[in-house]
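Novice: Below is the file work09.pdb, which contains PDB, C-alpha atoms (C1' of nucleotides).
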```pdb
ATOM      1  CA  MET V 250     -83.781-107.790   9.763
ATOM      2  CA  SER V 251     -87.344-106.618   9.813
ATOM      3  CA  SER V 252     -89.173-107.434   6.625
ATOM      4  CA  GLU V 253     -90.763-104.038   6.308
ATOM      5  CA  ILE V 254     -88.242-101.264   6.233
ATOM      6  CA  THR V 255     -88.546 -97.976   4.413
ATOM      7  CA  ILE V 256     -86.085 -96.652   1.922
ATOM      8  CA  GLY V 257     -83.951 -94.704   4.354
ATOM      9  CA  THR V 258     -83.268 -97.742   6.492
ATOM     10  CA  LEU V 259     -82.622 -99.842   3.416
ATOM     11  CA  ALA V 260     -80.130 -97.286   2.133
ATOM     12  CA  ARG V 261     -78.309 -97.004   5.446
ATOM     13  CA  SER V 262     -78.139-100.782   5.767
ATOM     14  CA  ALA V 263     -76.191-100.888   2.529
ATOM     15  CA  GLY V 264     -74.097 -97.822   3.205
ATOM     16  CA  VAL V 265     -75.602 -95.644   0.486
ATOM     17  CA  GLY V 266     -77.907 -92.654   0.360
ATOM     18  CA  VAL V 267     -81.632 -92.601  -0.327
ATOM     19  CA  GLU V 268     -80.982 -90.731  -3.542
ATOM     20  CA  THR V 269     -78.674 -93.536  -4.649
ATOM     21  CA  VAL V 270     -81.345 -96.151  -4.048
ATOM     22  CA  ARG V 271     -83.826 -94.101  -6.027
ATOM     23  CA  TYR V 272     -81.241 -93.765  -8.768
ATOM     24  CA  TYR V 273     -80.807 -97.543  -8.921
ATOM     25  CA  GLN V 274     -84.571 -97.896  -9.036
ATOM     26  CA  ARG V 275     -84.769 -95.498 -11.959
ATOM     27  CA  ARG V 276     -82.013 -97.461 -13.616
ATOM     28  CA  GLY V 277     -83.982-100.645 -13.127
ATOM     29  CA  LEU V 278     -81.413-102.198 -10.842
ATOM     30  CA  LEU V 279     -83.759-102.208  -7.876
ATOM     31  CA  PRO V 280     -87.514-102.679  -7.854
ATOM     32  CA  THR V 281     -89.834 -99.700  -7.586
ATOM     33  CA  ALA V 282     -93.125-101.455  -7.398
ATOM     34  CA  GLY V 283     -93.701-103.521  -4.304
ATOM     35  CA  THR V 284     -95.256-103.647  -0.928
ATOM     36  CA  LYS V 285     -96.571-100.474   0.588
ATOM     37  CA  LYS V 286     -97.331 -99.567   4.089
ATOM     38  CA  GLY V 287     -99.755 -96.776   3.633
ATOM     39  CA  ALA V 288     -98.191 -94.364   1.208
ATOM     40  CA  PHE V 289     -94.627 -95.528   1.858
ATOM     41  CA  ARG V 290     -92.915 -98.307   0.040
ATOM     42  CA  VAL V 291     -91.416-100.939   2.267
ATOM     43  CA  TYR V 292     -88.611-103.332   1.525
ATOM     44  CA  GLY V 293     -87.355-106.634   2.833
ATOM     45  CA  ASP V 294     -84.442-109.014   2.747
ATOM     46  CA  PRO V 295     -84.553-109.619  -0.996
ATOM     47  CA  GLU V 296     -84.206-105.910  -1.769
ATOM     48  CA  LEU V 297     -81.402-105.446   0.741
ATOM     49  CA  ALA V 298     -79.581-108.454  -0.646
ATOM     50  CA  ARG V 299     -79.897-107.067  -4.129
ATOM     51  CA  LEU V 300     -78.596-103.670  -3.078
ATOM     52  CA  ARG V 301     -75.601-105.266  -1.400
ATOM     53  CA  PHE V 302     -74.979-107.312  -4.530
ATOM     54  CA  ILE V 303     -74.771-104.090  -6.486
ATOM     55  CA  ARG V 304     -72.274-102.570  -4.070
ATOM     56  CA  ARG V 305     -70.089-105.677  -3.994
ATOM     57  CA  ALA V 306     -70.064-105.837  -7.755
ATOM     58  CA  GLN V 307     -69.122-102.164  -7.944
ATOM     59  CA  ALA V 308     -66.283-102.810  -5.545
ATOM     60  CA  LEU V 309     -65.037-105.394  -8.033
ATOM     61  CA  GLY V 310     -64.978-102.797 -10.751
ATOM     62  CA  PHE V 311     -68.212-103.590 -12.530
ATOM     63  CA  LYS V 312     -70.183-100.700 -13.917
ATOM     64  CA  LEU V 313     -73.902-100.416 -13.331
ATOM     65  CA  ASP V 314     -74.768-101.684 -16.790
ATOM     66  CA  GLU V 315     -72.543-104.668 -16.239
ATOM     67  CA  ILE V 316     -74.098-105.211 -12.844
ATOM     68  CA  ALA V 317     -77.527-105.247 -14.428
ATOM     69  CA  SER V 318     -76.301-108.141 -16.554
ATOM     70  CA  LEU V 319     -74.967-109.958 -13.500
ATOM     71  CA  LEU V 320     -78.216-109.426 -11.651
ATOM     72  CA  ALA V 321     -80.090-111.020 -14.505
ATOM     73  CA  LEU V 322     -78.119-114.230 -14.141
ATOM     74  CA  ASP V 323     -79.277-117.278 -12.283
ATOM     75  CA  GLU V 324     -76.924-118.973  -9.838
ATOM     76  CA  GLU V 325     -78.056-122.387 -10.895
ATOM     77  CA  THR V 326     -78.037-122.090 -14.652
ATOM     78  CA  ASP V 327     -75.700-119.277 -15.660
ATOM     79  CA  ARG V 328     -72.258-120.247 -14.379
ATOM     80  CA  GLU V 329     -70.677-119.797 -17.797
ATOM     81  CA  SER V 330     -72.140-116.337 -18.307
ATOM     82  CA  ALA V 331     -71.027-115.123 -14.902
ATOM     83  CA  ARG V 332     -67.556-116.483 -15.495
ATOM     84  CA  ALA V 333     -67.371-114.814 -18.887
ATOM     85  CA  LEU V 334     -68.344-111.452 -17.427
ATOM     86  CA  ALA V 335     -65.750-111.825 -14.715
ATOM     87  CA  ARG V 336     -63.075-112.757 -17.232
ATOM     88  CA  THR V 337     -63.898-109.734 -19.331
ATOM     89  CA  LYS V 338     -63.566-107.530 -16.292
ATOM     90  CA  ILE V 339     -60.239-109.159 -15.443
ATOM     91  CA  ALA V 340     -58.967-108.356 -18.911
ATOM     92  CA  ASP V 341     -60.175-104.758 -18.575
ATOM     93  CA  VAL V 342     -58.405-104.409 -15.234
ATOM     94  CA  GLU V 343     -55.192-105.910 -16.573
ATOM     95  CA  GLU V 344     -55.204-103.527 -19.526
ATOM     96  CA  ARG V 345     -55.790-100.566 -17.277
ATOM     97  CA  ILE V 346     -52.967-101.647 -14.998
ATOM     98  CA  ARG V 347     -50.652-101.844 -17.986
ATOM     99  CA  GLN V 348     -51.590 -98.366 -19.091
ATOM    100  CA  LEU V 349     -50.988 -96.991 -15.647
ATOM    101  CA  GLN V 350     -47.655 -98.757 -15.372
ATOM    102  CA  SER V 351     -46.600 -97.209 -18.632
ATOM    103  CA  VAL V 352     -47.627 -93.795 -17.389
ATOM    104  CA  HIS V 353     -45.849 -94.465 -14.138
ATOM    105  CA  SER V 354     -42.592 -95.341 -15.896
ATOM    106  CA  ALA V 355     -42.713 -92.224 -18.017
ATOM    107  CA  LEU V 356     -43.340 -90.036 -15.028
ATOM    108  CA  GLN V 357     -40.580 -91.705 -13.033
ATOM    109  CA  GLU V 358     -38.112 -91.078 -15.822
ATOM    110  CA  LEU V 359     -39.005 -87.426 -15.925
ATOM    111  CA  VAL V 360     -38.656 -86.990 -12.205
ATOM    112  CA  SER V 361     -35.394 -88.933 -12.147
ATOM    113  CA  CYS V 362     -34.014 -86.803 -14.948
ATOM    114  CA  CYS V 363     -35.047 -83.727 -13.032
ATOM    115  CA  GLU V 364     -33.272 -84.956  -9.941
ATOM    116  CA  HIS V 365     -30.009 -85.458 -11.815
ATOM    117  CA  THR V 366     -29.825 -82.046 -13.303
ATOM    118  CA  GLU V 367     -29.744 -78.737 -11.587
ATOM    119  CA  ALA V 368     -30.570 -75.173 -12.163
ATOM    120  CA  PRO V 369     -29.823 -73.238 -14.150
ATOM    121  CA  ALA V 370     -30.626 -76.047 -16.559
ATOM    122  CA  PRO V 371     -34.265 -75.749 -17.498
ATOM    123  CA  CYS V 372     -36.780 -78.190 -16.103
ATOM    124  CA  PRO V 373     -36.729 -81.457 -18.113
ATOM    125  CA  ILE V 374     -40.328 -82.218 -17.206
ATOM    126  CA  LEU V 375     -41.624 -79.035 -18.713
ATOM    127  CA  ARG V 376     -39.234 -79.278 -21.635
ATOM    128  CA  THR V 377     -40.425 -82.772 -22.444
ATOM    129  CA  LEU V 378     -44.066 -81.781 -22.225
ATOM    130  CA  GLY V 379     -43.278 -78.801 -24.388
ATOM    131  CA  GLY V 380     -41.735 -81.081 -26.981
ATOM    132  CA  GLU V 381     -38.338 -79.388 -26.577
ATOM    133  CA  ALA V 382     -36.381 -82.337 -25.289
ATOM    134  CA  ASP V 383     -34.008 -83.682 -27.982
TER     135      ASP V 383
ATOM    136  CA  MET A  58     -45.429 -74.619 -40.080
ATOM    137  CA  SER A  59     -47.137 -71.552 -41.368
ATOM    138  CA  SER A  60     -47.522 -68.887 -38.764
ATOM    139  CA  GLU A  61     -51.086 -68.132 -39.640
ATOM    140  CA  ILE A  62     -53.308 -71.160 -39.425
ATOM    141  CA  THR A  63     -56.952 -71.245 -38.531
ATOM    142  CA  ILE A  64     -58.446 -73.294 -35.755
ATOM    143  CA  GLY A  65     -59.284 -76.322 -37.857
ATOM    144  CA  THR A  66     -55.711 -76.724 -39.021
ATOM    145  CA  LEU A  67     -54.417 -76.129 -35.510
ATOM    146  CA  ALA A  68     -56.739 -78.796 -34.161
ATOM    147  CA  ARG A  69     -55.818 -81.340 -36.800
ATOM    148  CA  SER A  70     -52.121 -80.681 -36.245
ATOM    149  CA  ALA A  71     -52.559 -81.749 -32.648
ATOM    150  CA  GLY A  72     -54.943 -84.607 -33.343
ATOM    151  CA  VAL A  73     -57.983 -83.065 -31.696
ATOM    152  CA  GLY A  74     -61.260 -81.563 -32.852
ATOM    153  CA  VAL A  75     -62.118 -77.911 -33.259
ATOM    154  CA  GLU A  76     -64.623 -78.197 -30.450
ATOM    155  CA  THR A  77     -61.869 -79.450 -28.182
ATOM    156  CA  VAL A  78     -59.694 -76.451 -28.950
ATOM    157  CA  ARG A  79     -62.580 -74.145 -28.244
ATOM    158  CA  TYR A  80     -63.213 -76.004 -25.033
ATOM    159  CA  TYR A  81     -59.599 -75.501 -23.956
ATOM    160  CA  GLN A  82     -59.932 -71.837 -24.841
ATOM    161  CA  ARG A  83     -63.024 -71.531 -22.690
ATOM    162  CA  ARG A  84     -61.142 -73.261 -19.929
ATOM    163  CA  GLY A  85     -58.327 -70.784 -20.279
ATOM    164  CA  LEU A  86     -55.794 -73.380 -21.339
ATOM    165  CA  LEU A  87     -55.393 -71.874 -24.773
ATOM    166  CA  PRO A  88     -55.569 -68.218 -25.764
ATOM    167  CA  THR A  89     -58.719 -66.813 -27.321
ATOM    168  CA  ALA A  90     -57.558 -63.338 -28.066
ATOM    169  CA  GLY A  91     -54.889 -63.030 -30.681
ATOM    170  CA  THR A  92     -54.136 -62.309 -34.261
ATOM    171  CA  LYS A  93     -56.980 -62.172 -36.679
ATOM    172  CA  LYS A  94     -57.062 -62.479 -40.394
ATOM    173  CA  GLY A  95     -60.276 -60.780 -41.230
ATOM    174  CA  ALA A  96     -62.914 -62.254 -39.002
ATOM    175  CA  PHE A  97     -60.992 -65.470 -38.340
ATOM    176  CA  ARG A  98     -58.556 -65.996 -35.583
ATOM    177  CA  VAL A  99     -55.197 -67.322 -36.673
ATOM    178  CA  TYR A 100     -52.624 -69.225 -34.694
ATOM    179  CA  GLY A 101     -48.957 -69.968 -34.862
ATOM    180  CA  ASP A 102     -46.234 -72.128 -33.440
ATOM    181  CA  PRO A 103     -46.671 -71.000 -29.833
ATOM    182  CA  GLU A 104     -50.324 -72.025 -29.790
ATOM    183  CA  LEU A 105     -49.619 -75.360 -31.468
ATOM    184  CA  ALA A 106     -46.841 -76.043 -29.002
ATOM    185  CA  ARG A 107     -49.135 -75.254 -26.110
ATOM    186  CA  LEU A 108     -51.842 -77.520 -27.475
ATOM    187  CA  ARG A 109     -49.369 -80.357 -27.846
ATOM    188  CA  PHE A 110     -48.159 -79.735 -24.317
ATOM    189  CA  ILE A 111     -51.707 -80.239 -23.123
ATOM    190  CA  ARG A 112     -52.070 -83.512 -25.005
ATOM    191  CA  ARG A 113     -48.725 -84.857 -23.786
ATOM    192  CA  ALA A 114     -49.588 -83.975 -20.223
ATOM    193  CA  GLN A 115     -52.960 -85.677 -20.567
ATOM    194  CA  ALA A 116     -51.208 -88.771 -21.867
ATOM    195  CA  LEU A 117     -49.236 -88.749 -18.616
ATOM    196  CA  GLY A 118     -52.426 -88.780 -16.639
ATOM    197  CA  PHE A 119     -52.716 -85.136 -15.717
ATOM    198  CA  LYS A 120     -56.199 -83.637 -15.623
ATOM    199  CA  LEU A 121     -56.929 -80.332 -17.288
ATOM    200  CA  ASP A 122     -56.799 -78.400 -14.031
ATOM    201  CA  GLU A 123     -53.444 -79.929 -13.267
ATOM    202  CA  ILE A 124     -52.273 -79.118 -16.753
ATOM    203  CA  ALA A 125     -53.258 -75.520 -16.240
ATOM    204  CA  SER A 126     -50.895 -75.504 -13.282
ATOM    205  CA  LEU A 127     -48.115 -77.027 -15.349
ATOM    206  CA  LEU A 128     -48.661 -74.514 -18.106
ATOM    207  CA  ALA A 129     -48.259 -71.715 -15.620
ATOM    208  CA  LEU A 130     -44.788 -72.895 -14.697
ATOM    209  CA  ASP A 131     -41.589 -71.498 -16.080
ATOM    210  CA  GLU A 132     -38.916 -73.877 -17.333
ATOM    211  CA  GLU A 133     -36.171 -71.751 -15.904
ATOM    212  CA  THR A 134     -37.497 -70.986 -12.468
ATOM    213  CA  ASP A 135     -40.042 -73.610 -11.470
ATOM    214  CA  ARG A 136     -38.187 -76.920 -11.468
ATOM    215  CA  GLU A 137     -39.295 -77.748  -7.945
ATOM    216  CA  SER A 138     -42.932 -77.066  -8.637
ATOM    217  CA  ALA A 139     -42.943 -79.181 -11.757
ATOM    218  CA  ARG A 140     -41.238 -82.003  -9.932
ATOM    219  CA  ALA A 141     -43.724 -81.799  -7.090
ATOM    220  CA  LEU A 142     -46.669 -82.022  -9.459
ATOM    221  CA  ALA A 143     -45.108 -85.006 -11.187
ATOM    222  CA  ARG A 144     -44.468 -86.708  -7.861
ATOM    223  CA  THR A 145     -48.044 -86.211  -6.805
ATOM    224  CA  LYS A 146     -49.221 -87.739 -10.040
ATOM    225  CA  ILE A 147     -46.870 -90.670  -9.516
ATOM    226  CA  ALA A 148     -48.364 -91.283  -6.104
ATOM    227  CA  ASP A 149     -51.883 -91.113  -7.563
ATOM    228  CA  VAL A 150     -50.972 -93.613 -10.253
ATOM    229  CA  GLU A 151     -49.347 -95.971  -7.772
ATOM    230  CA  GLU A 152     -52.413 -95.897  -5.547
ATOM    231  CA  ARG A 153     -54.715 -96.566  -8.471
ATOM    232  CA  ILE A 154     -52.536 -99.487  -9.570
ATOM    233  CA  ARG A 155     -52.774-100.953  -6.074
ATOM    234  CA  GLN A 156     -56.530-100.678  -6.074
ATOM    235  CA  LEU A 157     -56.748-102.352  -9.455
ATOM    236  CA  GLN A 158     -54.414-105.126  -8.352
ATOM    237  CA  SER A 159     -56.613-105.781  -5.370
ATOM    238  CA  VAL A 160     -59.656-105.919  -7.588
ATOM    239  CA  HIS A 161     -57.775-108.170  -9.987
ATOM    240  CA  SER A 162     -56.895-110.641  -7.228
ATOM    241  CA  ALA A 163     -60.449-110.810  -5.987
ATOM    242  CA  LEU A 164     -61.776-111.410  -9.466
ATOM    243  CA  GLN A 165     -59.141-114.056 -10.182
ATOM    244  CA  GLU A 166     -60.106-115.930  -7.042
ATOM    245  CA  LEU A 167     -63.721-115.941  -8.033
ATOM    246  CA  VAL A 168     -63.016-117.196 -11.517
ATOM    247  CA  SER A 169     -60.603-119.827 -10.204
ATOM    248  CA  CYS A 170     -63.162-121.040  -7.713
ATOM    249  CA  CYS A 171     -65.703-121.221 -10.497
ATOM    250  CA  GLU A 172     -63.336-123.287 -12.615
ATOM    251  CA  HIS A 173     -62.849-125.819  -9.851
ATOM    252  CA  THR A 174     -66.465-126.517  -9.213
ATOM    253  CA  GLU A 175     -69.090-127.754 -11.584
ATOM    254  CA  ALA A 176     -72.775-127.741 -12.109
ATOM    255  CA  PRO A 177     -75.043-128.486 -10.469
ATOM    256  CA  ALA A 178     -73.211-126.500  -7.811
ATOM    257  CA  PRO A 179     -74.410-122.919  -7.990
ATOM    258  CA  CYS A 180     -72.134-120.243  -9.417
ATOM    259  CA  PRO A 181     -69.614-119.104  -6.781
ATOM    260  CA  ILE A 182     -69.254-115.689  -8.426
ATOM    261  CA  LEU A 183     -72.924-114.900  -8.100
ATOM    262  CA  ARG A 184     -73.100-116.470  -4.659
ATOM    263  CA  THR A 185     -70.250-114.323  -3.438
ATOM    264  CA  LEU A 186     -71.753-111.169  -4.862
ATOM    265  CA  GLY A 187     -75.052-112.171  -3.328
ATOM    266  CA  GLY A 188     -73.371-112.507   0.022
ATOM    267  CA  GLU A 189     -74.253-116.176   0.229
ATOM    268  CA  ALA A 190     -70.768-117.640   0.298
ATOM    269  CA  ASP A 191     -69.877-118.746   3.859
TER     270      ASP A 191
ATOM    271  C1'  DG S 135     -71.082 -63.759 -58.283
ATOM    272  C1'  DT S 136     -71.556 -68.540 -56.262
ATOM    273  C1'  DT S 137     -70.784 -72.209 -53.459
ATOM    274  C1'  DG S 138     -68.853 -75.027 -50.233
ATOM    275  C1'  DA S 139     -65.732 -75.318 -46.497
ATOM    276  C1'  DC S 140     -64.729 -73.124 -42.589
ATOM    277  C1'  DT S 141     -65.111 -69.917 -38.588
ATOM    278  C1'  DC S 142     -67.419 -67.784 -34.664
ATOM    279  C1'  DC S 143     -70.517 -67.621 -30.691
ATOM    280  C1'  DG S 144     -73.502 -69.340 -27.465
ATOM    281  C1'  DT S 145     -76.118 -72.946 -25.820
ATOM    282  C1'  DA S 146     -77.187 -77.645 -25.118
ATOM    283  C1'  DC S 147     -75.985 -82.370 -24.769
ATOM    284  C1'  DT S 148     -73.244 -86.885 -23.675
ATOM    285  C1'  DT S 149     -71.256 -90.285 -20.375
ATOM    286  C1'  DT S 150     -71.378 -92.374 -15.519
ATOM    287  C1'  DG S 151     -72.698 -92.313 -11.019
ATOM    288  C1'  DG S 152     -74.467 -89.995  -8.318
ATOM    289  C1'  DT S 153     -76.642 -85.756  -5.386
ATOM    290  C1'  DA S 154     -79.778 -82.008  -4.347
ATOM    291  C1'  DC S 155     -83.837 -79.626  -4.371
ATOM    292  C1'  DA S 156     -88.891 -78.127  -4.260
ATOM    293  C1'  DG S 157     -93.349 -79.123  -3.125
ATOM    294  C1'  DG S 158     -96.430 -81.925  -1.107
ATOM    295  C1'  DG S 159     -97.789 -85.886   1.632
ATOM    296  C1'  DT S 160     -97.223 -89.502   5.513
ATOM    297  C1'  DC S 161     -96.060 -91.458   9.811
ATOM    298  C1'  DT S 162     -95.191 -91.740  14.648
ATOM    299  C1'  DA S 163     -93.668 -90.379  19.187
ATOM    300  C1'  DG S 164     -94.800 -87.143  22.535
TER     301       DG S 164
ATOM    302  C1'  DC K 213    -103.230 -82.837  17.936
ATOM    303  C1'  DT K 214     -98.369 -81.414  16.753
ATOM    304  C1'  DA K 215     -94.029 -81.412  15.025
ATOM    305  C1'  DG K 216     -90.248 -83.373  13.094
ATOM    306  C1'  DA K 217     -88.374 -86.998  10.459
ATOM    307  C1'  DC K 218     -89.167 -89.267   6.592
ATOM    308  C1'  DC K 219     -91.266 -90.543   2.131
ATOM    309  C1'  DC K 220     -92.572 -89.648  -2.778
ATOM    310  C1'  DT K 221     -92.166 -87.492  -7.365
ATOM    311  C1'  DG K 222     -90.029 -85.075 -10.730
ATOM    312  C1'  DT K 223     -86.621 -82.092 -12.146
ATOM    313  C1'  DA K 224     -82.165 -80.086 -12.006
ATOM    314  C1'  DC K 225     -77.429 -80.195 -10.959
ATOM    315  C1'  DC K 226     -72.443 -81.898 -10.300
ATOM    316  C1'  DA K 227     -67.795 -83.614 -11.901
ATOM    317  C1'  DA K 228     -64.633 -84.068 -16.056
ATOM    318  C1'  DA K 229     -63.817 -83.896 -20.787
ATOM    319  C1'  DG K 230     -65.447 -83.311 -24.285
ATOM    320  C1'  DT K 231     -69.093 -83.035 -28.486
ATOM    321  C1'  DA K 232     -72.905 -81.239 -31.125
ATOM    322  C1'  DC K 233     -75.913 -77.963 -32.762
ATOM    323  C1'  DG K 234     -78.123 -73.592 -34.711
ATOM    324  C1'  DG K 235     -77.613 -69.391 -36.762
ATOM    325  C1'  DA K 236     -74.895 -66.228 -38.876
ATOM    326  C1'  DG K 237     -70.761 -64.664 -41.047
ATOM    327  C1'  DT K 238     -66.194 -65.269 -43.753
ATOM    328  C1'  DC K 239     -63.058 -66.816 -47.126
ATOM    329  C1'  DA K 240     -61.317 -68.436 -51.381
ATOM    330  C1'  DA K 241     -61.529 -71.197 -55.488
ATOM    331  C1'  DC K 242     -64.122 -71.473 -59.542
TER     332       DC K 242
END
```
Since I need it in another form, could you write the structure as structure tokens?
Specialist:
Amino acid sequence: MSSEITIGTLARSAGVGVETVRYYQRRGLLPTAGTKKGAFRVYGDPELARLRFIRRAQALGFKLDEIASLLALDEETDRESARALARTKIADVEERIRQLQSVHSALQELVSCCEHTEAPAPCPILRTLGGEAD
Amino acid sequence: MSSEITIGTLARSAGVGVETVRYYQRRGLLPTAGTKKGAFRVYGDPELARLRFIRRAQALGFKLDEIASLLALDEETDRESARALARTKIADVEERIRQLQSVHSALQELVSCCEHTEAPAPCPILRTLGGEAD
DNA sequence: GTTGACTCCGTACTTTGGTACAGGGTCTAG
DNA sequence: CTAGACCCTGTACCAAAGTACGGAGTCAAC
């Protein structure tokens, strides 16, 4: 990896667009100030690593604000903080899964009911949504 | 239920705000034209029922555009369409649950790894996000 | 009549994570 | 030198589902 790449190359190396990198810079997640080569800003391994960190953290469900907190942590001294953030995210994910499972069950019931009745009985899905079911 | 309620009462009866009702009206989900009592629009059971339909459908994970489709269906003649929409939503929910379960597993591994190592070893969560883990 | 709650209309704003311009400048291969 | 790709800056826009005004008018109890 060359140590002096411009923003387009940096973005492509992390699988994002230039606009996204600029957005992260505006959000303070990536540095704006730095080395320049003429009028163009150039970036190196540290910036690429940081950008990839952001993407990996997003893939794990962290939001940008949460990622900012993770980025502020130090590998050597902040084990507890990192673990706490991860645990919080786990709890969020578990709660969301529960909600979705509840929704799933309700939907399944409606479809199953629909499959066990026939026209000319009215649609149980629509009747339930309409508040007409029993 | 009085057959001539104003928008505030309608909204409260369905547990939403006036602005939300107006928003649904703008979106075409609820009627704008209708009976007036002086300068104020008044609503009745059909409008309240429709508003509750929207909320129930949202609770089942349908988006407003999808709800518009549901609202356009007829209980007597559109059983298949309703069932198809519900099935699609079920598939969406199942996919989302899978994604979240994958995220959950990855997070659990990281936290577990963190729990089985101690300082002064650097934080495995941050190392993994940083791309430094093996 | 007065006043306060409410309604109407139209426009703007919020959240989150982008994405797209416009206008002007820079860089580099040919 | 030229031309095209790219960079920079700042502003606007998008999706989805609301929410909040401002300004003006209405309604009903007192």
Novice: Convert the output of the PyMOL selection byres ((chain A) within 9 of (chain S)) on the shown file into explicit residues, formatted as a list in words.
Specialist: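 Taken over the shown coordinates, the PyMOL selection byres ((chain A) within 9 of (chain S)) returns Thr63, Ile64, Gly65, Ala96, Phe97 and Arg98 of chain A.
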Novice: Name the residues that the PyMOL selection byres ((chain V) within 7 of (chain A)) pulls out of this structure, and write them as a PyMOL selection string.
Specialist: chain V and resi 298+302+305-306+309-310+324-325+328+331-332+335+339+342+346+349+352-353+356+360+369+371-372+374-376+378-379
Novice: Rounded to one decimal place, report the atom CA of Gly72 of chain A-atom CA of Ala125 of chain A distance in Å.
Specialist: 19.4 Å
Novice: Between chain A and chain K, at 12 Å or less, what are the per-residue closest atom pairs and their distances in Å? Count only C-alpha atoms (C1' of nucleotides), order by chain and rising residue number, and return it as a tab-separated table.
Specialist:
```
residue	atom	partner	partner_atom	distance
A:Thr63	CA	K:DC239	C1'	11.4
A:Val73	CA	K:DG230	C1'	10.5
A:Gly74	CA	K:DT231	C1'	9.1
A:Val75	CA	K:DT231	C1'	9.9
A:Glu76	CA	K:DT231	C1'	6.9
A:Thr77	CA	K:DG230	C1'	6.5
A:Val78	CA	K:DG230	C1'	10.1
A:Arg79	CA	K:DG230	C1'	10.4
A:Tyr80	CA	K:DG230	C1'	7.7
A:Tyr81	CA	K:DG230	C1'	9.8
A:Arg84	CA	K:DA229	C1'	11.0
A:Lys94	CA	K:DC239	C1'	10.0
A:Gly95	CA	K:DT238	C1'	7.8
A:Ala96	CA	K:DT238	C1'	6.5
A:Phe97	CA	K:DT238	C1'	7.5
A:Arg98	CA	K:DT238	C1'	11.2
A:Gln115	CA	K:DA229	C1'	11.0
A:Phe119	CA	K:DA228	C1'	12.0
A:Lys120	CA	K:DA228	C1'	8.5
A:Leu121	CA	K:DA229	C1'	8.5
A:Asp122	CA	K:DA228	C1'	9.9
```
Novice: Grab the atom CA of Thr337 of chain V to atom CA of Leu278 of chain V distance for me, in Å with one decimal place.
Specialist: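 The value is 20.9 Å.
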Novice: So what do you get for atom CA of Thr92 of chain A versus atom CA of Ala129 of chain A, distance-wise?
Specialist: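 According to the coordinates, atom CA of Thr92 of chain A and atom CA of Ala129 of chain A are separated by 21.7 Å.
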Novice: Determine, counting only C-alpha atoms (C1' of nucleotides), which protein, DNA and RNA residues have an atom within 10 Å of an atom of Leu297 of chain V; residues of the same chain fewer than 2 positions away are not included. Present the result as a list in words.
Specialist: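 Everything that qualifies: Met250, Ser252, Ile254, Thr258, Leu259, Ala260, Ser262, Ala263, Leu279, Tyr292, Gly293, Asp294, Pro295, Arg299, Leu300, Arg301, Phe302 and Ile303 of chain V.
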Novice: Using all atoms of segment 220-228 of chain K that appear in the file, construct an axis-aligned enclosing box with 8 Å of padding on every side and provide its centre coordinates and edge lengths in Å, rounded to one decimal, as JSON.
Specialist:
```
{"center_x": -78.6, "center_y": -84.9, "center_z": -9.4, "size_x": 43.9, "size_y": 25.6, "size_z": 29.3}
```
Novice: Restore N, CA, C and O atoms in segment 68-75 of chain A and list the result as a PDB file, keeping the file's coordinate frame.
Specialist:
```pdb
ATOM      1  N   ALA A  68     -56.181 -77.616 -34.815  1.00  0.00           N
ATOM      2  CA  ALA A  68     -56.739 -78.796 -34.161  1.00  0.00           C
ATOM      3  C   ALA A  68     -56.210 -80.078 -34.794  1.00  0.00           C
ATOM      4  O   ALA A  68     -55.755 -80.985 -34.102  1.00  0.00           O
ATOM      5  N   ARG A  69     -56.280 -80.123 -36.110  1.00  0.00           N
ATOM      6  CA  ARG A  69     -55.818 -81.340 -36.800  1.00  0.00           C
ATOM      7  C   ARG A  69     -54.334 -81.597 -36.552  1.00  0.00           C
ATOM      8  O   ARG A  69     -53.907 -82.751 -36.414  1.00  0.00           O
ATOM      9  N   SER A  70     -53.557 -80.531 -36.483  1.00  0.00           N
ATOM     10  CA  SER A  70     -52.121 -80.681 -36.245  1.00  0.00           C
ATOM     11  C   SER A  70     -51.842 -81.318 -34.901  1.00  0.00           C
ATOM     12  O   SER A  70     -50.774 -81.869 -34.660  1.00  0.00           O
ATOM     13  N   ALA A  71     -52.757 -81.183 -33.990  1.00  0.00           N
ATOM     14  CA  ALA A  71     -52.559 -81.749 -32.648  1.00  0.00           C
ATOM     15  C   ALA A  71     -53.431 -82.981 -32.432  1.00  0.00           C
ATOM     16  O   ALA A  71     -53.463 -83.542 -31.329  1.00  0.00           O
ATOM     17  N   GLY A  72     -54.133 -83.396 -33.456  1.00  0.00           N
ATOM     18  CA  GLY A  72     -54.943 -84.607 -33.343  1.00  0.00           C
ATOM     19  C   GLY A  72     -56.178 -84.450 -32.486  1.00  0.00           C
ATOM     20  O   GLY A  72     -56.608 -85.405 -31.839  1.00  0.00           O
ATOM     21  N   VAL A  73     -56.738 -83.249 -32.454  1.00  0.00           N
ATOM     22  CA  VAL A  73     -57.983 -83.065 -31.696  1.00  0.00           C
ATOM     23  C   VAL A  73     -59.012 -82.404 -32.597  1.00  0.00           C
ATOM     24  O   VAL A  73     -58.723 -82.062 -33.743  1.00  0.00           O
ATOM     25  N   GLY A  74     -60.210 -82.223 -32.087  1.00  0.00           N
ATOM     26  CA  GLY A  74     -61.260 -81.563 -32.852  1.00  0.00           C
ATOM     27  C   GLY A  74     -61.307 -80.070 -32.541  1.00  0.00           C
ATOM     28  O   GLY A  74     -60.784 -79.618 -31.527  1.00  0.00           O
ATOM     29  N   VAL A  75     -61.953 -79.355 -33.452  1.00  0.00           N
ATOM     30  CA  VAL A  75     -62.118 -77.911 -33.259  1.00  0.00           C
ATOM     31  C   VAL A  75     -62.821 -77.619 -31.934  1.00  0.00           C
ATOM     32  O   VAL A  75     -62.450 -76.705 -31.188  1.00  0.00           O
TER      33      VAL A  75
END
```
